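Below is one structure, written out as structure tokens; comments come after it.
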Amino acid sequence: MGVIAILECQFKPEHVGAGAGWLQRNLAATRAFDGCLGVEVIQDHDDASRFVVVEHWASLDHDRAYRAWREGDGRIEEGSELFAASSKLTVGVTRDDI
């Protein structure tokens, strides 16, 4: 069973470049976190201010530990002015039986 977390981010149009830099800086720690199998970043072709981050985790426990870390010591304090809307997070498991 694979665990995938999908984070949808909408940056203000005037902050797309700064938003991409913000993602690059902050995703380095995500990629280095125990249990992270990889991170992909997708920029919307029709709306360059919209990014989707796809994280692959070894287990739900690894993902939960990462989320807890981001709520505590790994909390990101800077960058809220770059966003046009709140980000949306979806965490799920892959289904090989369907």
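As shown in the structure tokens, the chain order sets the letters A, B, ...; within each chain, residues go from 1, and ligands are also counted from 1 in the order they appear.
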Task: Contact residues around region 74-80 of chain A with only C-alpha atoms at 12 Å, ignoring same-chain residues under 5 positions, as a list in words - done: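 Residues near the query, excluding close chain neighbours: Cys9, Gln10, Phe11, Lys12, His15, Val16, Ala18, Gly19, Ala20, Gly21, Trp22, Leu23, Arg25, Asn26, Leu27, Ala28, Ala29, Thr30, Phe33, Ala65, Tyr66, Arg67, Ala68, Trp69, Ala85, Ser86 and Ser87 of chain A.
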Open item on the list: Using only C-alpha atoms for the distances, tell me which of A:Arg64, A:Ala84, A:Asp73, A:Val52 is nearest to Cys36 (chain A).
Closed with: A:Arg64
TODO: Identify, on the basis of only C-alpha atoms, every residue whose closest approach to region 37-47 of chain A does not exceed 10 Å; exclude the query and any residue fewer than 2 positions from it along the same chain; express the result as a ChimeraX atom specification.
DONE: /A:2-10,13,20,23-24,27-28,30-35,49-59
Open item on the list: Quick check, in Å to one decimal: how far apart do CA of Val93 (chain A) and CA of Glu71 (chain A) lie?
Closed with: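 Pair CA of Val93 (chain A) / CA of Glu71 (chain A) returns 21.9 Å.
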Using DSSP on the backbone coordinates, identify all residues within chain A classified as alpha helix (DSSP H); present the result as a tab-separated table (two decimals) with C-alpha atoms, in the first residue's frame.
```tsv
chain	number	residue	atom	x	y	z
A	16	VAL	CA	4.47	33.00	-8.90
A	17	GLY	CA	8.27	33.21	-9.03
A	18	ALA	CA	8.57	33.83	-5.30
A	19	GLY	CA	6.08	31.00	-4.68
A	20	ALA	CA	8.15	28.57	-6.73
A	21	GLY	CA	11.21	29.59	-4.70
A	22	TRP	CA	9.26	29.14	-1.46
A	23	LEU	CA	8.29	25.61	-2.53
A	24	GLN	CA	11.86	24.79	-3.51
A	25	ARG	CA	13.24	25.93	-0.14
A	26	ASN	CA	10.60	24.21	1.96
A	27	LEU	CA	10.35	20.96	0.02
A	28	ALA	CA	14.04	20.25	0.62
A	29	ALA	CA	13.15	19.40	4.24
A	30	THR	CA	10.16	17.34	3.09
A	31	ARG	CA	12.32	15.28	0.74
A	32	ALA	CA	14.87	14.71	3.53
A	60	LEU	CA	0.80	6.50	7.03
A	61	ASP	CA	2.91	6.64	10.19
A	62	HIS	CA	5.71	8.41	8.28
A	63	ASP	CA	3.25	10.90	6.80
A	64	ARG	CA	1.69	11.53	10.21
A	65	ALA	CA	5.11	12.08	11.78
A	66	TYR	CA	5.91	14.59	9.05
A	67	ARG	CA	2.60	16.46	9.54
A	68	ALA	CA	3.22	16.59	13.30
A	69	TRP	CA	6.73	17.94	12.69
A	70	ARG	CA	5.34	20.66	10.37
A	71	GLU	CA	2.90	21.64	13.13
```
